[in-house]
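What follows is coords_8.cif (mmCIF, C-alpha atoms and all ligand atoms).
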data_target
#
loop_
_atom_site.label_atom_id
_atom_site.label_comp_id
_atom_site.auth_asym_id
_atom_site.auth_seq_id
_atom_site.Cartn_x
_atom_site.Cartn_y
_atom_site.Cartn_z
CA MET G 1 -104.02 179.80 -203.74
CA ARG G 2 -101.72 177.71 -205.91
CA PHE G 3 -99.39 175.38 -203.99
CA LEU G 4 -96.19 173.89 -205.36
CA ILE G 5 -95.20 170.87 -203.25
CA THR G 6 -92.10 168.68 -203.50
CA ALA G 7 -92.37 165.16 -202.10
CA GLY G 8 -90.56 161.85 -201.83
CA PRO G 9 -86.92 160.95 -202.29
CA THR G 10 -84.60 161.55 -205.21
CA ARG G 11 -82.54 158.85 -206.87
CA GLU G 12 -78.97 159.60 -207.88
CA PRO G 13 -77.71 157.08 -210.45
CA ILE G 14 -74.41 155.26 -209.93
CA ASP G 15 -74.62 153.06 -213.03
CA PRO G 16 -77.54 151.76 -215.15
CA VAL G 17 -78.74 149.46 -212.33
CA ARG G 18 -77.81 151.22 -209.06
CA TYR G 19 -78.58 154.50 -207.36
CA LEU G 20 -78.21 156.45 -204.11
CA THR G 21 -81.43 157.36 -202.34
CA ASN G 22 -83.03 157.69 -198.88
CA ARG G 23 -85.99 156.35 -196.92
CA SER G 24 -88.61 158.95 -197.87
CA SER G 25 -91.92 157.34 -198.86
CA GLY G 26 -93.57 160.57 -199.99
CA LYS G 27 -96.39 160.12 -197.44
CA MET G 28 -95.84 163.49 -195.75
CA GLY G 29 -95.71 165.48 -198.98
CA TYR G 30 -98.66 163.65 -200.54
CA ALA G 31 -100.66 164.30 -197.36
CA VAL G 32 -99.88 168.03 -197.67
CA ALA G 33 -100.98 167.91 -201.32
CA SER G 34 -104.28 166.21 -200.39
CA ALA G 35 -104.90 168.64 -197.51
CA ALA G 36 -104.27 171.64 -199.76
CA LEU G 37 -106.67 170.27 -202.40
CA ALA G 38 -109.30 169.56 -199.73
CA ALA G 39 -108.95 173.16 -198.52
CA GLY G 40 -109.78 174.38 -202.03
CA HIS G 41 -106.28 175.17 -203.27
CA GLU G 42 -104.68 174.22 -206.58
CA VAL G 43 -101.70 171.89 -206.32
CA CYS G 44 -98.65 171.29 -208.48
CA LEU G 45 -96.92 168.26 -206.97
CA ILE G 46 -93.31 167.52 -207.94
CA SER G 47 -92.61 164.01 -206.81
CA GLY G 48 -89.64 161.71 -206.61
CA PRO G 49 -90.22 157.97 -207.12
CA VAL G 50 -92.85 156.72 -204.63
CA SER G 51 -95.46 153.99 -204.62
CA LEU G 52 -98.42 156.19 -203.70
CA ALA G 53 -101.44 157.11 -205.80
CA ALA G 54 -101.33 160.68 -207.06
CA PRO G 55 -103.84 162.90 -205.23
CA GLU G 56 -106.86 163.42 -207.46
CA GLY G 57 -106.97 166.92 -208.90
CA ALA G 58 -103.26 167.67 -208.54
CA GLU G 59 -100.97 168.49 -211.46
CA VAL G 60 -98.22 165.91 -210.89
CA HIS G 61 -94.69 165.89 -212.29
CA PHE G 62 -92.55 162.84 -211.59
CA VAL G 63 -88.80 163.27 -211.40
CA GLU G 64 -85.90 161.02 -210.42
CA SER G 65 -82.80 162.99 -209.54
CA ALA G 66 -82.21 166.17 -207.53
CA ARG G 67 -81.21 167.99 -210.68
CA GLU G 68 -84.47 167.00 -212.40
CA MET G 69 -86.39 168.17 -209.33
CA TYR G 70 -84.45 171.45 -209.37
CA ASN G 71 -85.26 172.08 -213.05
CA THR G 72 -88.96 171.25 -212.62
CA VAL G 73 -89.27 173.48 -209.55
CA GLN G 74 -87.53 176.30 -211.42
CA GLU G 75 -89.96 175.90 -214.33
CA LYS G 76 -93.11 175.83 -212.17
CA ILE G 77 -92.45 177.92 -209.08
CA ASN G 78 -93.34 181.34 -210.29
CA ALA G 79 -96.93 180.26 -210.95
CA ALA G 80 -97.24 179.37 -207.23
CA ASP G 81 -98.39 181.45 -204.25
CA VAL G 82 -97.09 178.90 -201.73
CA ALA G 83 -94.16 176.49 -202.01
CA VAL G 84 -93.80 173.56 -199.59
CA PHE G 85 -90.56 171.59 -199.80
CA SER G 86 -91.16 168.26 -198.09
CA ALA G 87 -88.98 166.19 -200.43
CA ALA G 88 -85.92 164.44 -199.08
CA VAL G 89 -83.54 165.58 -201.80
CA ALA G 90 -80.22 163.73 -201.92
CA ASP G 91 -77.54 166.20 -200.93
CA TYR G 92 -74.91 164.42 -203.06
CA ARG G 93 -74.70 162.53 -206.35
CA VAL G 94 -71.85 160.51 -207.83
CA ALA G 95 -69.40 162.68 -209.73
CA GLU G 96 -69.47 160.43 -212.79
CA GLU G 97 -72.30 158.03 -213.55
CA ALA G 98 -70.93 154.85 -215.16
CA ASP G 99 -72.34 154.02 -218.62
CA GLN G 100 -72.17 150.31 -217.90
CA LYS G 101 -72.84 148.21 -214.81
CA ILE G 102 -69.84 148.45 -212.47
CA LYS G 103 -68.22 145.02 -212.14
CA LYS G 104 -67.18 143.72 -208.73
CA SER G 105 -63.49 143.33 -209.42
CA ASP G 106 -61.79 144.86 -206.36
CA ASP G 107 -62.65 144.40 -202.68
CA LEU G 108 -62.90 148.14 -202.26
CA LEU G 109 -64.92 150.50 -204.44
CA THR G 110 -64.69 154.25 -203.88
CA LEU G 111 -67.41 156.57 -205.13
CA THR G 112 -66.67 160.27 -205.42
CA LEU G 113 -69.70 162.37 -204.57
CA VAL G 114 -70.43 165.96 -205.53
CA LYS G 115 -72.97 168.28 -203.98
CA ASN G 116 -76.42 168.58 -205.54
CA PRO G 117 -78.02 172.00 -205.98
CA ASP G 118 -80.01 173.15 -202.95
CA ILE G 119 -83.50 173.67 -204.38
CA LEU G 120 -85.01 175.34 -201.32
CA GLY G 121 -81.87 177.39 -200.77
CA ASN G 122 -82.09 178.81 -204.31
CA THR G 123 -85.82 179.52 -204.32
CA ARG G 124 -85.58 183.16 -203.26
CA SER G 125 -82.16 184.08 -204.65
CA GLU G 126 -82.14 182.23 -208.00
CA PHE G 127 -85.81 181.64 -208.83
CA GLY G 128 -86.99 185.00 -207.46
CA PHE G 129 -89.93 183.41 -205.63
CA GLU G 130 -91.83 185.95 -203.53
CA GLY G 131 -94.67 183.79 -202.19
CA ILE G 132 -94.99 181.91 -198.89
CA LEU G 133 -91.99 179.61 -198.56
CA VAL G 134 -92.27 176.54 -196.33
CA GLY G 135 -89.25 174.30 -195.79
CA PHE G 136 -88.89 171.06 -193.87
CA ALA G 137 -85.96 169.98 -191.71
CA ALA G 138 -85.18 166.34 -191.00
CA GLU G 139 -82.92 166.31 -187.97
CA THR G 140 -81.44 163.65 -185.69
CA ASN G 141 -80.01 166.04 -183.08
CA ASP G 142 -80.21 169.68 -181.97
CA LEU G 143 -83.55 170.03 -183.76
CA GLU G 144 -84.25 173.58 -182.65
CA LYS G 145 -80.78 174.92 -183.45
CA HIS G 146 -80.62 173.33 -186.94
CA ALA G 147 -84.20 174.30 -187.76
CA ALA G 148 -83.64 177.94 -186.78
CA SER G 149 -80.51 178.06 -188.92
CA LYS G 150 -82.31 176.53 -191.97
CA LEU G 151 -85.26 178.93 -191.55
CA THR G 152 -82.94 181.92 -191.85
CA ARG G 153 -80.40 180.61 -194.37
CA LYS G 154 -83.07 179.40 -196.78
CA GLU G 155 -85.25 182.53 -196.32
CA CYS G 156 -88.36 180.57 -195.33
CA ASP G 157 -91.53 181.99 -193.80
CA LEU G 158 -92.14 178.72 -192.00
CA LEU G 159 -89.97 175.71 -191.29
CA VAL G 160 -91.44 172.30 -190.36
CA ALA G 161 -88.95 170.34 -188.26
CA ASN G 162 -89.17 166.64 -187.48
CA ASP G 163 -86.89 164.47 -185.37
CA VAL G 164 -86.11 161.58 -187.73
CA SER G 165 -84.13 159.70 -185.07
CA ARG G 166 -87.36 158.88 -183.22
CA LYS G 167 -89.09 155.57 -183.93
CA GLY G 168 -92.62 155.83 -185.33
CA ILE G 169 -92.35 159.31 -186.84
CA GLY G 170 -90.56 160.91 -189.78
CA PHE G 171 -89.48 158.71 -192.66
CA GLU G 172 -91.79 155.98 -194.00
CA CYS G 173 -94.30 155.78 -191.13
CA ASP G 174 -97.91 156.98 -191.12
CA GLU G 175 -97.49 159.36 -188.18
CA ASN G 176 -95.41 162.39 -187.48
CA GLU G 177 -94.74 165.02 -184.83
CA VAL G 178 -93.37 168.36 -185.95
CA ILE G 179 -92.44 171.76 -184.61
CA LEU G 180 -93.31 174.76 -186.76
CA PHE G 181 -90.77 177.59 -186.62
CA TYR G 182 -91.95 180.94 -187.98
CA LYS G 183 -89.86 183.79 -189.38
CA SER G 184 -91.46 185.95 -186.68
CA GLY G 185 -89.67 183.89 -184.03
CA GLU G 186 -92.82 182.06 -182.88
CA SER G 187 -92.97 178.28 -182.79
CA LYS G 188 -95.72 175.72 -182.40
CA MET G 189 -95.70 171.97 -181.85
CA LEU G 190 -98.06 169.72 -183.80
CA SER G 191 -97.98 166.70 -181.52
CA LEU G 192 -97.97 163.04 -182.52
CA SER G 193 -100.68 162.45 -185.06
CA SER G 194 -101.30 160.92 -188.48
CA LYS G 195 -99.50 162.60 -191.37
CA THR G 196 -102.98 163.34 -192.74
CA ASP G 197 -103.89 165.37 -189.63
CA ILE G 198 -100.48 167.06 -189.43
CA ALA G 199 -100.90 168.09 -193.08
CA ILE G 200 -104.40 169.50 -192.46
CA GLU G 201 -103.06 171.59 -189.57
CA LEU G 202 -100.07 172.71 -191.62
CA VAL G 203 -102.29 173.89 -194.49
CA SER G 204 -104.47 175.75 -192.01
CA GLU G 205 -101.36 177.47 -190.55
CA ILE G 206 -100.29 178.42 -194.10
CA ASP G 207 -103.79 179.82 -194.80
CA GLN G 208 -103.46 181.97 -191.67
CA LEU G 209 -100.00 183.17 -192.76
CA ALA G 210 -101.49 184.26 -196.09
CA THR G 211 -103.96 186.56 -194.33
CA ARG G 212 -101.33 188.28 -192.14
O1 LIG N 1 -91.65 160.97 -197.18
P1 LIG N 1 -91.96 160.42 -195.79
O2 LIG N 1 -91.57 158.98 -195.64
O3 LIG N 1 -93.43 160.66 -195.41
O4 LIG N 1 -91.07 161.20 -194.72
C1 LIG N 1 -91.31 162.54 -194.46
C2 LIG N 1 -89.98 163.33 -194.35
C3 LIG N 1 -89.22 162.85 -193.12
C4 LIG N 1 -89.12 163.10 -195.62
C5 LIG N 1 -90.38 164.84 -194.24
O5 LIG N 1 -91.16 165.04 -193.10
C6 LIG N 1 -89.14 165.72 -194.18
O6 LIG N 1 -88.53 165.96 -193.15
N1 LIG N 1 -88.73 166.25 -195.37
C7 LIG N 1 -87.45 166.99 -195.54
C8 LIG N 1 -86.33 165.99 -195.65
C9 LIG N 1 -84.98 166.65 -195.84
O7 LIG N 1 -84.30 166.34 -196.78
O8 LIG N 1 -84.65 167.56 -194.93
P2 LIG N 1 -83.25 168.40 -194.92
O9 LIG N 1 -83.18 168.92 -193.54
O10 LIG N 1 -82.12 167.56 -195.41
O11 LIG N 1 -83.50 169.54 -195.97
C10 LIG N 1 -83.95 170.83 -195.61
C11 LIG N 1 -84.90 171.38 -196.64
O12 LIG N 1 -84.19 171.65 -197.85
C12 LIG N 1 -86.07 170.48 -197.02
O13 LIG N 1 -87.20 171.30 -197.22
C13 LIG N 1 -85.61 169.85 -198.35
O14 LIG N 1 -86.73 169.53 -199.19
C14 LIG N 1 -84.80 170.99 -198.95
N2 LIG N 1 -83.69 170.57 -199.83
C15 LIG N 1 -82.65 169.84 -199.33
C16 LIG N 1 -81.58 169.53 -200.14
C17 LIG N 1 -81.59 169.96 -201.48
N3 LIG N 1 -80.59 169.67 -202.28
N4 LIG N 1 -82.62 170.67 -201.95
C18 LIG N 1 -83.67 170.99 -201.14
O15 LIG N 1 -84.64 171.64 -201.59
#
Rewritten as C-alpha cells:
Amino acid sequence: MRFLITAGPTREPIDPVRYLTNRSSGKMGYAVASAALAAGHEVCLISGPVSLAAPEGAEVHFVESAREMYNTVQEKINAADVAVFSAAVADYRVAEEADQKIKKSDDLLTLTLVKNPDILGNTRSEFGFEGILVGFAAETNDLEKHAASKLTRKECDLLVANDVSRKGIGFECDENEVILFYKSGESKMLSLSSKTDIAIELVSEIDQLATR
C-alpha cells in the first residue's frame, strides 16, 4: 500500500526571525514511516522542521507552516491508500506576519492569532480521501473522551491517543504508550515501549484493518 504520513511540528512565523511552534521532534512520525517501509509499503512523508535523517526509500516533502502542510497533503493524498497524521500542527498562526523584526519598544506585546486549517478534519470532506485514515490525539486530560470525539469528528478509521502530560512519553522522548481507538468501538493499548516498536505494531494493526 502507499502511506502518506505527516510528522513533526509546524512553524508559524511572527516576523523574519521568530515563530510559534511546539515540542514535536518528529520521532513518532518518522518511526511510522520506517515501519511502513520495512513492512514493504511505499511512503510519502510530509515533514515539518526536524533534525532527523529522512527514512531511506521514502518520498519526503519538507514544509514549515500548517498552511504549507495542508497544501502538500491536499496535493499528495489521493495517491495514498493509508494516511497517518502524526504531525503536531499548530492550531493557530499570527494574523499578520511582520515584514521586519518586531522591535521591543513597549513592555507588553499582543499577538492576534487566527485558526489554522484542520488538515485531518478536512481529509474526508474537502480532499475526498476514501482510504484508511489514522489520526493521532495528544491529550493532557480526559484522554478517552477527547480521543473518541476526535475519531468521530475527523472521520478516522483509527485514532492513536497519547497522554502528553506524562513524563517519558509523547513529545520529544524515544518511548511512547498509546491507546488505539477504532471506528468499530474497539480499543487496544500499546503499552510503554520504544517509538520504533509502537510504530511497528501500529503498521501491523493498519495492515489488519486493510484486510477487513
Ligand atoms: O514528534 P514526537 O516528539 O515524536 O512526538 C509525538 C507526538 C506527541 C507529536 C505524536 O505522538 C502525536 O500525538 N501527534 C499528534 C499531535 C497533535 O497535534 O495532536 P492534536 O490532538 O492536537 O491533533 C489531532 C489530530 O489532528 C492529529 O492527527 C493532528 O496531526 C491533526 N491536526 C491537528 C491540527 C491541524 N490544524 N491539522 C491537523 O491535521
Exercise. With only C-alpha atoms and all ligand atoms as the basis for distance, which of G:Phe181, G:Tyr92, G:Phe127, G:Phe85 is at the shortest distance from ligand LIG 1 (chain N)?
Worked result: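 Looking at the shortest contact to ligand LIG 1 (chain N), the residue is G:Phe85.
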If we count only C-alpha atoms and set the cut-off at 12 Å, which residues sit around Gly8 of chain G, ignoring sequence neighbours fewer than 2 positions away in its own chain? Please answer as a short mmCIF file (atom, residue, chain, number, x, y, z; two decimals) with C-alpha atoms, in the coordinates of the input.
data_model
loop_
_atom_site.label_atom_id
_atom_site.label_comp_id
_atom_site.auth_asym_id
_atom_site.auth_seq_id
_atom_site.Cartn_x
_atom_site.Cartn_y
_atom_site.Cartn_z
CA ILE G 5 -95.20 170.87 -203.25
CA THR G 6 -92.10 168.68 -203.50
CA THR G 10 -84.60 161.55 -205.21
CA ARG G 11 -82.54 158.85 -206.87
CA THR G 21 -81.43 157.36 -202.34
CA ASN G 22 -83.03 157.69 -198.88
CA ARG G 23 -85.99 156.35 -196.92
CA SER G 24 -88.61 158.95 -197.87
CA SER G 25 -91.92 157.34 -198.86
CA GLY G 26 -93.57 160.57 -199.99
CA LYS G 27 -96.39 160.12 -197.44
CA MET G 28 -95.84 163.49 -195.75
CA GLY G 29 -95.71 165.48 -198.98
CA TYR G 30 -98.66 163.65 -200.54
CA ALA G 31 -100.66 164.30 -197.36
CA VAL G 32 -99.88 168.03 -197.67
CA LEU G 45 -96.92 168.26 -206.97
CA ILE G 46 -93.31 167.52 -207.94
CA SER G 47 -92.61 164.01 -206.81
CA GLY G 48 -89.64 161.71 -206.61
CA PRO G 49 -90.22 157.97 -207.12
CA VAL G 50 -92.85 156.72 -204.63
CA SER G 51 -95.46 153.99 -204.62
CA LEU G 52 -98.42 156.19 -203.70
CA HIS G 61 -94.69 165.89 -212.29
CA PHE G 62 -92.55 162.84 -211.59
CA VAL G 63 -88.80 163.27 -211.40
CA GLU G 64 -85.90 161.02 -210.42
CA SER G 65 -82.80 162.99 -209.54
CA ALA G 66 -82.21 166.17 -207.53
CA MET G 69 -86.39 168.17 -209.33
CA PHE G 85 -90.56 171.59 -199.80
CA SER G 86 -91.16 168.26 -198.09
CA ALA G 87 -88.98 166.19 -200.43
CA ALA G 88 -85.92 164.44 -199.08
CA VAL G 89 -83.54 165.58 -201.80
CA ALA G 90 -80.22 163.73 -201.92
CA PHE G 171 -89.48 158.71 -192.66
CA GLU G 172 -91.79 155.98 -194.00
#
All residues 12 Å or closer to segment 208-211 of chain G, only C-alpha atoms, same chain fewer than 2 positions away omitted, as a tab-separated table (two decimals) with C-alpha atoms, keeping the file's coordinate frame:
chain	number	residue	atom	x	y	z
G	1	MET	CA	-104.02	179.80	-203.74
G	2	ARG	CA	-101.72	177.71	-205.91
G	81	ASP	CA	-98.39	181.45	-204.25
G	82	VAL	CA	-97.09	178.90	-201.73
G	131	GLY	CA	-94.67	183.79	-202.19
G	132	ILE	CA	-94.99	181.91	-198.89
G	133	LEU	CA	-91.99	179.61	-198.56
G	134	VAL	CA	-92.27	176.54	-196.33
G	157	ASP	CA	-91.53	181.99	-193.80
G	158	LEU	CA	-92.14	178.72	-192.00
G	182	TYR	CA	-91.95	180.94	-187.98
G	183	LYS	CA	-89.86	183.79	-189.38
G	184	SER	CA	-91.46	185.95	-186.68
G	201	GLU	CA	-103.06	171.59	-189.57
G	202	LEU	CA	-100.07	172.71	-191.62
G	203	VAL	CA	-102.29	173.89	-194.49
G	204	SER	CA	-104.47	175.75	-192.01
G	205	GLU	CA	-101.36	177.47	-190.55
G	206	ILE	CA	-100.29	178.42	-194.10
For this session: Around the point (-103.2, 165.7, -209.9) in the file's coordinates, collect all residues with an atom within 10 Å, using all atoms listed in the file, and return them as a ChimeraX atom specification.
Result: /G:33-34,37,42-45,53-61
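Here the question is which of G:Val160, G:Met189, G:Glu12, G:Asn141 gets nearest to Val84 of chain G using all atoms listed in the file, and that residue is G:Val160.
Comparing G:Lys188, G:Arg18, G:Lys76, G:Lys195 by their smallest distance to ligand LIG 1 (chain N), the closest is G:Lys195 (using only C-alpha atoms and all ligand atoms).
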